[in-house]
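Working notes, structure below.
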Amino acid sequence: MNRAEKATLQLQAVAVLRMLKETRTYDELAELTGLPSGDLSRYVNGHVLPGTNRASQLVDDVGQEALAAELHARVEFDDEGYVDNSGVVFDQSFLNLVAPVAADTFAFERPDVVLTAATDGITLGAAMASYFDSRIAYAKKSKETAIEEFIESRQRLASGIELTYYLPTCAVNTGESVLVVDDLIRSGETQEVLLDIVGQADAEVTGVFALIAVGTKGIKKARTQTDVPVGALSEFDTR
């Protein structure tokens with residue numbers, strides 16, 4: 001790990017602690033992390049940075065559990081099972097914390113491109129692309145007027161409705177590695193479209209990630225289509 005990577009990891013750990021401190025006392029934070037409350041106070045207040053080992057522990061071990069719990073607290077379902085995740089996808093600082101935790105939890109390799117679907121996936125895609133220092137691309141349900149060449153993926157849903165997405169051909173090049181991300185995975189149909197787009201581009205999928213998995217159908221479906229890591233930050237029971 002070079003100096004820049006070490007500093008990035010340390011700052012990520014501090015960001016995780018500051019998020020946790022918003023709703024906890026230092027004693028509660030010490031119980032959660034297993035670290036002395038005095039040390040935690042110095043980290044949170046910026047007086048000193050945690051060492052590499054401690055920073056890694058906070059991001060890897062504490063980060064995933066804490067972010068998943070925070071995600072659960074912010075997501076709401078209506079009586080028909082529709083998901084309101086605006087408290088998450090509108091919070092770029094939260095998504096910036098998700099990126100390194102997701103990358104480590106699921107062992108995602110650095111991609112050339114992070115691919116998502118407009119519109120709710122864009123903020124997560126931006127966070128993941130920024131963390132990996134990769135390009136971001138997003139498929140849309142309509143064509144841009146000024147662009148002539150598109151990759152088009154069309155899938156017929158179980159309901160009989162067709163789901164169609166378009167991605168400018170120039171967005172992903174042949175042979176590039178692509179991480180597919182989205183805010184939510186339920187049926188896996190959007191992920192199927194995005195994976196098809198990667199295939200048409202003759203690119204290579206490195207992983208599939210979603211903030212929220214509603215039930216297990218979508219995750220299982222994605223895993224049948226690729227042998228790369230597939231996962232979600234948090235899972236919710238089907239309603």
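Naming scheme: A, B, ... for chains in displayed order of the structure tokens; residues 1 onward per chain; ligands 1 onward as shown.
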
* Asked: Taking the backbone alone, and naming residues the way the document does, which bits of range 182-220 of chain A are alpha helix (DSSP H) by DSSP, as a list in words?
  -> Glu189, Thr190, Gln191, Glu192, Val193, Leu194, Leu195, Asp196, Ile197, Val198, Gly199, Gln200, Lys217, Gly218, Ile219 and Lys220 of chain A

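Atom to atom, CA of Gln225 in chain A and CA of Arg110 in chain A stand 20.4 Å apart.
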
* Asked: Which residue out of A:Gly51, A:Val113, A:Glu152, A:Ile147 has the minimum interatomic distance to Ser134 in chain A when only C-alpha atoms are used?
  ->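 So, comparing all the options, the nearest one is A:Val113.
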
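Pairwise distance (CA of Leu40 in chain A, CA of Leu17 in chain A) equals 7.8 Å.
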
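The residue set within 12 Å of Arg156 in chain A, counting only C-alpha atoms and dropping same-chain residues fewer than 3 places from it, reads A:Ser153, A:Ser159, A:Gly160, A:Ile161, A:Glu162, A:Leu163, A:Thr164, A:Tyr165, A:Glu189, A:Thr190, A:Glu192, A:Val193.
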
* **For Asn53 in chain A, the nearest of the candidates A:Lys6, A:Arg24, A:Lys140, A:His72, counting only C-alpha atoms** =>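 Counting only C-alpha atoms, the residue closest to Asn53 in chain A is A:Lys6.
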
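Taking only C-alpha atoms into account, Gly231 in chain A lies nearest to A:Val208 out of the set A:Val208, A:Ala4, A:Leu95, A:Ile151.
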
* Identify, with DSSP run on backbone atoms, the residues in range 28-229 of chain A assigned to strand (DSSP E), and express the list as a PyMOL selection string. => chain A and resi 76-77+83-84+113-117+135-139+150-156+162-168+177-185+204-214

Preceding selection exported with C-alpha atoms as an mmCIF file, in the first residue's frame:
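Once written, selection_1.cif looks like this:
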data_model
loop_
_atom_site.group_PDB
_atom_site.id
_atom_site.type_symbol
_atom_site.label_atom_id
_atom_site.label_comp_id
_atom_site.auth_asym_id
_atom_site.auth_seq_id
_atom_site.Cartn_x
_atom_site.Cartn_y
_atom_site.Cartn_z
ATOM 1 C CA GLU A 76 -39.307 2.912 3.488
ATOM 2 C CA PHE A 77 -41.882 0.617 1.888
ATOM 3 C CA VAL A 83 -39.530 1.197 -2.203
ATOM 4 C CA ASP A 84 -38.742 4.787 -1.260
ATOM 5 C CA VAL A 113 -16.185 1.579 -16.482
ATOM 6 C CA VAL A 114 -18.979 1.607 -13.908
ATOM 7 C CA LEU A 115 -22.270 0.961 -15.721
ATOM 8 C CA THR A 116 -25.689 1.730 -14.267
ATOM 9 C CA ALA A 117 -29.236 2.552 -15.321
ATOM 10 C CA ARG A 135 -15.410 6.228 -16.015
ATOM 11 C CA ILE A 136 -19.159 6.133 -15.424
ATOM 12 C CA ALA A 137 -21.736 5.227 -18.052
ATOM 13 C CA TYR A 138 -25.485 4.950 -17.707
ATOM 14 C CA ALA A 139 -28.066 3.364 -19.953
ATOM 15 C CA PHE A 150 -26.323 2.968 -29.602
ATOM 16 C CA ILE A 151 -26.211 -0.445 -28.015
ATOM 17 C CA GLU A 152 -29.831 -1.466 -27.521
ATOM 18 C CA SER A 153 -31.015 -4.140 -25.119
ATOM 19 C CA ARG A 154 -34.638 -5.231 -25.105
ATOM 20 C CA GLN A 155 -36.115 -7.676 -22.614
ATOM 21 C CA ARG A 156 -39.719 -8.860 -22.377
ATOM 22 C CA GLU A 162 -40.866 -4.710 -22.881
ATOM 23 C CA LEU A 163 -37.955 -3.137 -21.044
ATOM 24 C CA THR A 164 -35.560 -1.347 -23.390
ATOM 25 C CA TYR A 165 -32.362 0.517 -22.541
ATOM 26 C CA TYR A 166 -29.927 2.369 -24.794
ATOM 27 C CA LEU A 167 -26.255 3.098 -24.249
ATOM 28 C CA PRO A 168 -24.102 5.171 -26.616
ATOM 29 C CA SER A 177 -13.814 -4.277 -17.655
ATOM 30 C CA VAL A 178 -17.222 -3.171 -16.378
ATOM 31 C CA LEU A 179 -18.787 -3.092 -12.904
ATOM 32 C CA VAL A 180 -22.592 -3.146 -13.101
ATOM 33 C CA VAL A 181 -24.315 -1.245 -10.278
ATOM 34 C CA ASP A 182 -27.834 -0.093 -9.453
ATOM 35 C CA ASP A 183 -29.701 1.282 -6.485
ATOM 36 C CA LEU A 184 -32.064 -1.703 -6.211
ATOM 37 C CA ILE A 185 -32.368 -5.288 -7.372
ATOM 38 C CA GLU A 204 -15.904 -8.010 -19.495
ATOM 39 C CA VAL A 205 -18.070 -7.892 -16.372
ATOM 40 C CA THR A 206 -16.110 -7.672 -13.109
ATOM 41 C CA GLY A 207 -19.035 -7.576 -10.674
ATOM 42 C CA VAL A 208 -22.686 -6.748 -10.036
ATOM 43 C CA PHE A 209 -23.666 -4.608 -7.033
ATOM 44 C CA ALA A 210 -26.851 -3.060 -5.681
ATOM 45 C CA LEU A 211 -27.524 -0.986 -2.605
ATOM 46 C CA ILE A 212 -30.742 -2.837 -1.842
ATOM 47 C CA ALA A 213 -31.881 -6.365 -2.623
ATOM 48 C CA VAL A 214 -35.616 -6.901 -2.182
#

* So which residues touch Thr33 in chain A within 12 Å, counting only C-alpha atoms, skipping near sequence neighbours fewer than 6 positions away, as a PyMOL selection string? -> chain A and resi 13+16-17+20-21+24+26-27+39-40+54-63+65-66

* Asked: Any idea what the distance is between CA of Gly81 in chain A and CA of Leu195 in chain A?
  -> 25.9 Å

* To do: Quick one: everything within 8 Å of Asn85 in chain A, counting only C-alpha atoms, minus sequence neighbours fewer than 4 positions away in the same chain. Send it as an MDAnalysis selection string.
  => chainID A and resid 74:76 89

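Of the residues under consideration (A:Asp104, A:Glu5, A:Glu176, A:Glu148), A:Asp104 shows the shortest atom-to-atom contact distance to Met128 in chain A when counting only C-alpha atoms.
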
* Would you please work out which residue, of A:Asp227, A:Thr25, A:Met19, A:Ala99, is nearest to Ser37 in chain A when using only C-alpha atoms? =>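 The closest residue to Ser37 in chain A is A:Thr25.
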